[in-house]
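Raw data19.pdb, PDB, C-alpha atoms:
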ATOM      1  CA  MET A   1     -19.399  48.039  -6.604  1.00  0.00           C
ATOM      2  CA  ARG A   2     -16.553  49.256  -4.433  1.00  0.00           C
ATOM      3  CA  LYS A   3     -17.758  47.087  -1.515  1.00  0.00           C
ATOM      4  CA  ILE A   4     -17.791  44.004  -3.735  1.00  0.00           C
ATOM      5  CA  ALA A   5     -14.272  44.727  -4.964  1.00  0.00           C
ATOM      6  CA  THR A   6     -13.091  45.267  -1.379  1.00  0.00           C
ATOM      7  CA  LEU A   7     -14.714  42.036  -0.211  1.00  0.00           C
ATOM      8  CA  ALA A   8     -13.221  40.154  -3.174  1.00  0.00           C
ATOM      9  CA  LEU A   9      -9.779  41.566  -2.363  1.00  0.00           C
ATOM     10  CA  LEU A  10     -10.201  40.705   1.321  1.00  0.00           C
ATOM     11  CA  ALA A  11     -11.350  37.161   0.475  1.00  0.00           C
ATOM     12  CA  THR A  12      -8.391  36.710  -1.901  1.00  0.00           C
ATOM     13  CA  GLY A  13      -6.030  37.927   0.807  1.00  0.00           C
ATOM     14  CA  LEU A  14      -7.498  35.547   3.370  1.00  0.00           C
ATOM     15  CA  ILE A  15      -7.292  32.646   0.936  1.00  0.00           C
ATOM     16  CA  ALA A  16      -3.681  33.503   0.149  1.00  0.00           C
ATOM     17  CA  LEU A  17      -2.941  33.822   3.848  1.00  0.00           C
ATOM     18  CA  GLY A  18      -4.615  30.468   4.475  1.00  0.00           C
ATOM     19  CA  CYS A  19      -2.650  28.860   1.665  1.00  0.00           C
ATOM     20  CA  GLY A  20       0.536  30.393   2.976  1.00  0.00           C
ATOM     21  CA  ALA A  21      -0.242  29.122   6.465  1.00  0.00           C
ATOM     22  CA  GLY A  22      -0.946  25.700   4.986  1.00  0.00           C
ATOM     23  CA  THR A  23       2.379  25.762   3.204  1.00  0.00           C
ATOM     24  CA  THR A  24       4.150  26.708   6.395  1.00  0.00           C
ATOM     25  CA  ASP A  25       2.274  24.005   8.296  1.00  0.00           C
ATOM     26  CA  ASP A  26       3.015  21.469   5.581  1.00  0.00           C
ATOM     27  CA  ALA A  27       6.687  22.395   5.642  1.00  0.00           C
ATOM     28  CA  THR A  28       6.687  22.169   9.413  1.00  0.00           C
ATOM     29  CA  SER A  29       4.856  18.847   9.280  1.00  0.00           C
ATOM     30  CA  LYS A  30       7.347  17.528   6.755  1.00  0.00           C
ATOM     31  CA  ALA A  31      10.225  18.784   8.866  1.00  0.00           C
ATOM     32  CA  ASP A  32       8.614  17.189  11.917  1.00  0.00           C
ATOM     33  CA  ALA A  33       8.074  13.981   9.979  1.00  0.00           C
ATOM     34  CA  GLY A  34      11.705  14.099   8.932  1.00  0.00           C
ATOM     35  CA  GLY A  35      12.645  14.618  12.555  1.00  0.00           C
ATOM     36  CA  ALA A  36      10.362  11.786  13.536  1.00  0.00           C
ATOM     37  CA  LYS A  37      12.032   9.555  10.987  1.00  0.00           C
ATOM     38  CA  GLY A  38      15.348  10.398  12.543  1.00  0.00           C
ATOM     39  CA  ASP A  39      13.785   9.541  15.914  1.00  0.00           C
ATOM     40  CA  ASP A  40      12.523   6.195  14.591  1.00  0.00           C
ATOM     41  CA  LYS A  41      15.986   4.668  14.807  1.00  0.00           C
ATOM     42  CA  PRO A  42      16.298   5.165  18.569  1.00  0.00           C
ATOM     43  CA  LYS A  43      12.711   3.909  18.923  1.00  0.00           C
ATOM     44  CA  THR A  44      13.676   0.534  17.435  1.00  0.00           C
ATOM     45  CA  ALA A  45      14.849  -1.842  20.132  1.00  0.00           C
ATOM     46  CA  LYS A  46      16.171  -5.390  20.087  1.00  0.00           C
ATOM     47  CA  ILE A  47      15.254  -8.361  22.242  1.00  0.00           C
ATOM     48  CA  GLY A  48      16.322  -7.583  25.806  1.00  0.00           C
ATOM     49  CA  GLN A  49      16.365  -3.798  25.330  1.00  0.00           C
ATOM     50  CA  PRO A  50      13.684  -1.602  26.919  1.00  0.00           C
ATOM     51  CA  ALA A  51      11.492   0.395  24.534  1.00  0.00           C
ATOM     52  CA  ARG A  52       8.884   2.972  25.527  1.00  0.00           C
ATOM     53  CA  ASP A  53       5.498   3.886  24.132  1.00  0.00           C
ATOM     54  CA  GLY A  54       3.277   6.191  26.143  1.00  0.00           C
ATOM     55  CA  LYS A  55       2.903   4.969  29.724  1.00  0.00           C
ATOM     56  CA  PHE A  56       4.584   1.601  29.120  1.00  0.00           C
ATOM     57  CA  GLU A  57       8.163   0.423  28.929  1.00  0.00           C
ATOM     58  CA  PHE A  58       8.347  -2.885  27.061  1.00  0.00           C
ATOM     59  CA  THR A  59      11.198  -5.369  27.207  1.00  0.00           C
ATOM     60  CA  VAL A  60      10.854  -8.349  24.881  1.00  0.00           C
ATOM     61  CA  LYS A  61      12.518 -11.259  26.676  1.00  0.00           C
ATOM     62  CA  SER A  62      12.220 -13.932  23.963  1.00  0.00           C
ATOM     63  CA  SER A  63      10.401 -15.023  20.830  1.00  0.00           C
ATOM     64  CA  LYS A  64       9.686 -18.647  19.947  1.00  0.00           C
ATOM     65  CA  CYS A  65       7.889 -19.696  16.750  1.00  0.00           C
ATOM     66  CA  GLY A  66       6.932 -23.091  15.345  1.00  0.00           C
ATOM     67  CA  VAL A  67       4.556 -24.004  18.184  1.00  0.00           C
ATOM     68  CA  ALA A  68       1.604 -26.036  16.896  1.00  0.00           C
ATOM     69  CA  LYS A  69      -0.491 -26.164  20.070  1.00  0.00           C
ATOM     70  CA  ILE A  70      -0.764 -24.339  23.396  1.00  0.00           C
ATOM     71  CA  GLY A  71      -2.285 -25.710  26.586  1.00  0.00           C
ATOM     72  CA  THR A  72      -3.470 -29.239  27.283  1.00  0.00           C
ATOM     73  CA  ASP A  73      -5.494 -31.735  25.279  1.00  0.00           C
ATOM     74  CA  MET A  74      -8.588 -30.754  27.278  1.00  0.00           C
ATOM     75  CA  LEU A  75      -7.997 -26.984  27.359  1.00  0.00           C
ATOM     76  CA  GLY A  76      -5.877 -25.458  24.659  1.00  0.00           C
ATOM     77  CA  ALA A  77      -5.605 -23.898  21.258  1.00  0.00           C
ATOM     78  CA  LYS A  78      -4.303 -25.307  18.001  1.00  0.00           C
ATOM     79  CA  ALA A  79      -2.565 -22.973  15.549  1.00  0.00           C
ATOM     80  CA  GLN A  80      -4.000 -22.403  12.098  1.00  0.00           C
ATOM     81  CA  GLY A  81      -0.363 -22.185  10.972  1.00  0.00           C
ATOM     82  CA  GLN A  82       2.186 -21.828  13.776  1.00  0.00           C
ATOM     83  CA  PHE A  83       2.125 -19.956  17.044  1.00  0.00           C
ATOM     84  CA  CYS A  84       4.839 -17.442  17.808  1.00  0.00           C
ATOM     85  CA  LEU A  85       5.130 -16.897  21.552  1.00  0.00           C
ATOM     86  CA  VAL A  86       6.612 -13.549  22.503  1.00  0.00           C
ATOM     87  CA  THR A  87       7.509 -13.129  26.171  1.00  0.00           C
ATOM     88  CA  VAL A  88       7.351  -9.464  27.122  1.00  0.00           C
ATOM     89  CA  ASN A  89       7.768  -7.500  30.324  1.00  0.00           C
ATOM     90  CA  VAL A  90       5.469  -4.469  30.564  1.00  0.00           C
ATOM     91  CA  LYS A  91       6.218  -1.749  33.126  1.00  0.00           C
ATOM     92  CA  ASN A  92       3.904   1.182  33.799  1.00  0.00           C
ATOM     93  CA  ILE A  93       6.096   4.312  33.727  1.00  0.00           C
ATOM     94  CA  GLY A  94       3.115   6.674  33.882  1.00  0.00           C
ATOM     95  CA  LYS A  95       1.364   8.318  36.816  1.00  0.00           C
ATOM     96  CA  GLU A  96      -1.914   6.384  36.656  1.00  0.00           C
ATOM     97  CA  SER A  97      -2.993   2.818  36.075  1.00  0.00           C
ATOM     98  CA  GLN A  98      -3.118   1.557  32.500  1.00  0.00           C
ATOM     99  CA  MET A  99      -4.394  -1.705  31.027  1.00  0.00           C
ATOM    100  CA  PHE A 100      -2.160  -3.652  28.674  1.00  0.00           C
ATOM    101  CA  ASP A 101      -4.247  -4.569  25.629  1.00  0.00           C
ATOM    102  CA  GLY A 102      -2.871  -7.610  23.812  1.00  0.00           C
ATOM    103  CA  SER A 103      -5.074  -6.901  20.800  1.00  0.00           C
ATOM    104  CA  SER A 104      -3.188  -3.623  20.220  1.00  0.00           C
ATOM    105  CA  GLN A 105       0.093  -5.456  19.591  1.00  0.00           C
ATOM    106  CA  LYS A 106       1.217  -6.234  16.040  1.00  0.00           C
ATOM    107  CA  ALA A 107       3.844  -8.472  14.477  1.00  0.00           C
ATOM    108  CA  TYR A 108       5.336  -8.088  11.009  1.00  0.00           C
ATOM    109  CA  ALA A 109       7.043 -10.391   8.541  1.00  0.00           C
ATOM    110  CA  ALA A 110      10.044  -9.103   6.580  1.00  0.00           C
ATOM    111  CA  ASN A 111       7.774  -8.295   3.598  1.00  0.00           C
ATOM    112  CA  GLY A 112       5.627  -5.998   5.777  1.00  0.00           C
ATOM    113  CA  THR A 113       2.665  -8.350   6.273  1.00  0.00           C
ATOM    114  CA  GLU A 114       0.939  -7.467   9.548  1.00  0.00           C
ATOM    115  CA  TYR A 115      -0.286 -10.069  12.046  1.00  0.00           C
ATOM    116  CA  SER A 116      -2.607  -9.447  14.989  1.00  0.00           C
ATOM    117  CA  ALA A 117      -2.205 -10.997  18.407  1.00  0.00           C
ATOM    118  CA  ASP A 118      -4.320 -14.058  19.245  1.00  0.00           C
ATOM    119  CA  GLY A 119      -5.917 -13.210  22.588  1.00  0.00           C
ATOM    120  CA  GLY A 120      -7.710 -16.539  22.857  1.00  0.00           C
ATOM    121  CA  ALA A 121      -4.493 -18.522  22.526  1.00  0.00           C
ATOM    122  CA  ALA A 122      -2.717 -16.150  24.926  1.00  0.00           C
ATOM    123  CA  ILE A 123      -5.041 -17.359  27.712  1.00  0.00           C
ATOM    124  CA  TYR A 124      -3.455 -20.818  27.412  1.00  0.00           C
ATOM    125  CA  ALA A 125       0.091 -19.494  27.008  1.00  0.00           C
ATOM    126  CA  ASN A 126       0.022 -17.547  30.280  1.00  0.00           C
ATOM    127  CA  LYS A 127       0.023 -19.408  33.591  1.00  0.00           C
ATOM    128  CA  ASN A 128      -1.741 -16.425  35.126  1.00  0.00           C
ATOM    129  CA  ALA A 129      -4.612 -15.881  32.703  1.00  0.00           C
ATOM    130  CA  GLU A 130      -5.139 -12.389  34.106  1.00  0.00           C
ATOM    131  CA  THR A 131      -1.585 -11.209  33.401  1.00  0.00           C
ATOM    132  CA  PHE A 132      -2.657  -8.725  30.736  1.00  0.00           C
ATOM    133  CA  LEU A 133      -6.307  -8.282  31.636  1.00  0.00           C
ATOM    134  CA  ASN A 134      -5.821  -6.189  34.775  1.00  0.00           C
ATOM    135  CA  ASP A 135      -4.680  -2.610  35.112  1.00  0.00           C
ATOM    136  CA  ILE A 136      -0.979  -2.150  35.790  1.00  0.00           C
ATOM    137  CA  ASN A 137      -0.437   0.494  38.459  1.00  0.00           C
ATOM    138  CA  PRO A 138       2.345   3.096  38.153  1.00  0.00           C
ATOM    139  CA  GLY A 139       5.744   1.569  38.889  1.00  0.00           C
ATOM    140  CA  ASN A 140       4.426  -2.006  38.660  1.00  0.00           C
ATOM    141  CA  GLN A 141       5.289  -4.488  35.939  1.00  0.00           C
ATOM    142  CA  VAL A 142       4.036  -7.809  34.606  1.00  0.00           C
ATOM    143  CA  THR A 143       5.586 -10.408  32.361  1.00  0.00           C
ATOM    144  CA  GLY A 144       3.517 -12.529  30.028  1.00  0.00           C
ATOM    145  CA  VAL A 145       3.254 -14.077  26.593  1.00  0.00           C
ATOM    146  CA  VAL A 146       1.717 -12.414  23.550  1.00  0.00           C
ATOM    147  CA  VAL A 147       0.720 -15.017  20.943  1.00  0.00           C
ATOM    148  CA  PHE A 148       0.614 -14.601  17.165  1.00  0.00           C
ATOM    149  CA  ASP A 149      -0.834 -17.273  14.840  1.00  0.00           C
ATOM    150  CA  ILE A 150       1.063 -16.959  11.557  1.00  0.00           C
ATOM    151  CA  PRO A 151       1.522 -19.198   8.472  1.00  0.00           C
ATOM    152  CA  LYS A 152       4.032 -22.040   8.856  1.00  0.00           C
ATOM    153  CA  ASN A 153       6.409 -20.654   6.210  1.00  0.00           C
ATOM    154  CA  VAL A 154       6.583 -17.126   7.728  1.00  0.00           C
ATOM    155  CA  LYS A 155       9.261 -15.728   9.999  1.00  0.00           C
ATOM    156  CA  LEU A 156       8.542 -12.637  12.094  1.00  0.00           C
ATOM    157  CA  ALA A 157      10.938  -9.716  11.637  1.00  0.00           C
ATOM    158  CA  LYS A 158       9.611  -7.160  14.123  1.00  0.00           C
ATOM    159  CA  LEU A 159       6.936  -6.264  16.644  1.00  0.00           C
ATOM    160  CA  GLU A 160       5.050  -3.027  17.084  1.00  0.00           C
ATOM    161  CA  LEU A 161       4.085  -2.594  20.730  1.00  0.00           C
ATOM    162  CA  HIS A 162       1.471  -0.088  21.917  1.00  0.00           C
ATOM    163  CA  ASP A 163       0.371   1.244  25.299  1.00  0.00           C
ATOM    164  CA  SER A 164      -3.120   1.750  23.808  1.00  0.00           C
ATOM    165  CA  PRO A 165      -4.913   1.241  20.496  1.00  0.00           C
ATOM    166  CA  PHE A 166      -4.319   4.915  19.650  1.00  0.00           C
ATOM    167  CA  SER A 167      -0.618   5.261  20.477  1.00  0.00           C
ATOM    168  CA  GLY A 168       2.177   5.573  17.934  1.00  0.00           C
ATOM    169  CA  GLY A 169       3.825   2.354  19.065  1.00  0.00           C
ATOM    170  CA  VAL A 170       7.434   1.318  19.372  1.00  0.00           C
ATOM    171  CA  THR A 171       9.266  -1.169  17.159  1.00  0.00           C
ATOM    172  CA  VAL A 172      11.230  -4.141  18.466  1.00  0.00           C
ATOM    173  CA  SER A 173      13.379  -6.028  15.981  1.00  0.00           C
ATOM    174  CA  LEU A 174      13.285  -9.807  16.209  1.00  0.00           C
ATOM    175  CA  ALA A 175      16.078 -10.300  13.668  1.00  0.00           C
TER     176      ALA A 175
END

Could you take the file, read its structure, and then write that structure out as structure tokens?
Amino acid sequence: MRKIATLALLATGLIALGCGAGTTDDATSKADAGGAKGDDKPKTAKIGQPARDGKFEFTVKSSKCGVAKIGTDMLGAKAQGQFCLVTVNVKNIGKESQMFDGSSQKAYAANGTEYSADGGAAIYANKNAETFLNDINPGNQVTGVVVFDIPKNVKLAKLELHDSPFSGGVTVSLA
């Protein structure tokens, strides 16, 4: 009977300790999240300003929407709505090669609607079709166009640029 009581007391203590550790972790996570929120402001860049995510430094050079078609009559893509062409410079600031993945880039309207990049249309928007399909070595940079096909009545407010599908991303305001 004594062993059962001791085990019950030990289990209760461990549970309490675990809950206490969870509370501390939660508080730390919330504090970190609060700190991260404070860090979000410096992470938001404007057109022409460099912004970093992981191994890449992005500089959005320009954004042009309202494009109905990219390419030629023989080889091209027609927008479902309108194409937005975002010219971006990508520099590898890491210590090993990294591939820029256009499909990891997102665009957002002012109401928060998320739009994915159109990799097929990007082939026609880039003179060098391999601009974003090859690894970028450390210290090297490429400039190319990321294409978004969005409804005609939508205006993009910001981009979220990523060095990989799993990175936190960096925000660039288009307003």

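Here the PyMOL selection byres ((chain A and resi 69) around 8) matches the residues Val67, Ala68, Ile70, Gly71, Gly76, Ala77, Lys78, Ala79 and Phe83 of chain A.
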
Keeping only C-alpha atoms, take the residues you just selected and write them out as a CSV table (one decimal), in the frame of the given file.
chain,number,residue,atom,x,y,z
A,67,VAL,CA,4.6,-24.0,18.2
A,68,ALA,CA,1.6,-26.0,16.9
A,70,ILE,CA,-0.8,-24.3,23.4
A,71,GLY,CA,-2.3,-25.7,26.6
A,76,GLY,CA,-5.9,-25.5,24.7
A,77,ALA,CA,-5.6,-23.9,21.3
A,78,LYS,CA,-4.3,-25.3,18.0
A,79,ALA,CA,-2.6,-23.0,15.5
A,83,PHE,CA,2.1,-20.0,17.0

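Distances here use only C-alpha atoms; by that measure, the residue among A:Val154, A:Ala110, A:Ile136, A:Val146 closest to Lys61 in chain A is A:Val146.
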
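Using all atoms listed in the file for every distance, the candidate list A:Ser97, A:Asn111, A:Thr59, A:Gln105 yields A:Thr59 as the residue closest to Ala45 in chain A.
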
Close residues, Gly81 in chain A itself excluded, 8 Å, all atoms listed in the file, min 6 positions apart in chain, as JSON, numbers by chain: {"A": [68, 149, 150, 151, 152]}

Counting only C-alpha atoms, the option among A:Gln80, A:Asn89, A:Thr113, A:Ser167 closest to Gln49 in chain A: A:Asn89

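Rounded to one decimal, CA of Phe58 in chain A and CA of Val147 in chain A lie 15.6 Å from each other.
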
field: Explicit residue set for the PyMOL selection byres ((chain A and resi 101) around 12), as an MDAnalysis selection string
entry: chainID A and resid 56 90 98:100 102:106 116:119 122 130:136 144 146 161:167

Could you write out the selected residues, including C-alpha atoms, as a PDB file, in the coordinates of the input?
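Once everything was written out, this is selection_28.pdb:
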ATOM      1  CA  PHE A  56       4.584   1.601  29.120  1.00  0.00           C
ATOM      2  CA  VAL A  90       5.469  -4.469  30.564  1.00  0.00           C
ATOM      3  CA  GLN A  98      -3.118   1.557  32.500  1.00  0.00           C
ATOM      4  CA  MET A  99      -4.394  -1.705  31.027  1.00  0.00           C
ATOM      5  CA  PHE A 100      -2.160  -3.652  28.674  1.00  0.00           C
ATOM      6  CA  GLY A 102      -2.871  -7.610  23.812  1.00  0.00           C
ATOM      7  CA  SER A 103      -5.074  -6.901  20.800  1.00  0.00           C
ATOM      8  CA  SER A 104      -3.188  -3.623  20.220  1.00  0.00           C
ATOM      9  CA  GLN A 105       0.093  -5.456  19.591  1.00  0.00           C
ATOM     10  CA  LYS A 106       1.217  -6.234  16.040  1.00  0.00           C
ATOM     11  CA  SER A 116      -2.607  -9.447  14.989  1.00  0.00           C
ATOM     12  CA  ALA A 117      -2.205 -10.997  18.407  1.00  0.00           C
ATOM     13  CA  ASP A 118      -4.320 -14.058  19.245  1.00  0.00           C
ATOM     14  CA  GLY A 119      -5.917 -13.210  22.588  1.00  0.00           C
ATOM     15  CA  ALA A 122      -2.717 -16.150  24.926  1.00  0.00           C
ATOM     16  CA  GLU A 130      -5.139 -12.389  34.106  1.00  0.00           C
ATOM     17  CA  THR A 131      -1.585 -11.209  33.401  1.00  0.00           C
ATOM     18  CA  PHE A 132      -2.657  -8.725  30.736  1.00  0.00           C
ATOM     19  CA  LEU A 133      -6.307  -8.282  31.636  1.00  0.00           C
ATOM     20  CA  ASN A 134      -5.821  -6.189  34.775  1.00  0.00           C
ATOM     21  CA  ASP A 135      -4.680  -2.610  35.112  1.00  0.00           C
ATOM     22  CA  ILE A 136      -0.979  -2.150  35.790  1.00  0.00           C
ATOM     23  CA  GLY A 144       3.517 -12.529  30.028  1.00  0.00           C
ATOM     24  CA  VAL A 146       1.717 -12.414  23.550  1.00  0.00           C
ATOM     25  CA  LEU A 161       4.085  -2.594  20.730  1.00  0.00           C
ATOM     26  CA  HIS A 162       1.471  -0.088  21.917  1.00  0.00           C
ATOM     27  CA  ASP A 163       0.371   1.244  25.299  1.00  0.00           C
ATOM     28  CA  SER A 164      -3.120   1.750  23.808  1.00  0.00           C
ATOM     29  CA  PRO A 165      -4.913   1.241  20.496  1.00  0.00           C
ATOM     30  CA  PHE A 166      -4.319   4.915  19.650  1.00  0.00           C
ATOM     31  CA  SER A 167      -0.618   5.261  20.477  1.00  0.00           C
TER      32      SER A 167
END

- prompt: Which residues fall under the PyMOL selection byres ((chain A and resi 53) around 7) in this file, as an MDAnalysis selection string?
  reply: chainID A and resid 51:52 54:57 162:163 169:170

Between CA of Ala121 in chain A and CA of Ala109 in chain A - distance in Å to one decimal: 19.9 Å

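You will find CA of Leu156 in chain A at 8.3 Å from CA of Cys84 in chain A.
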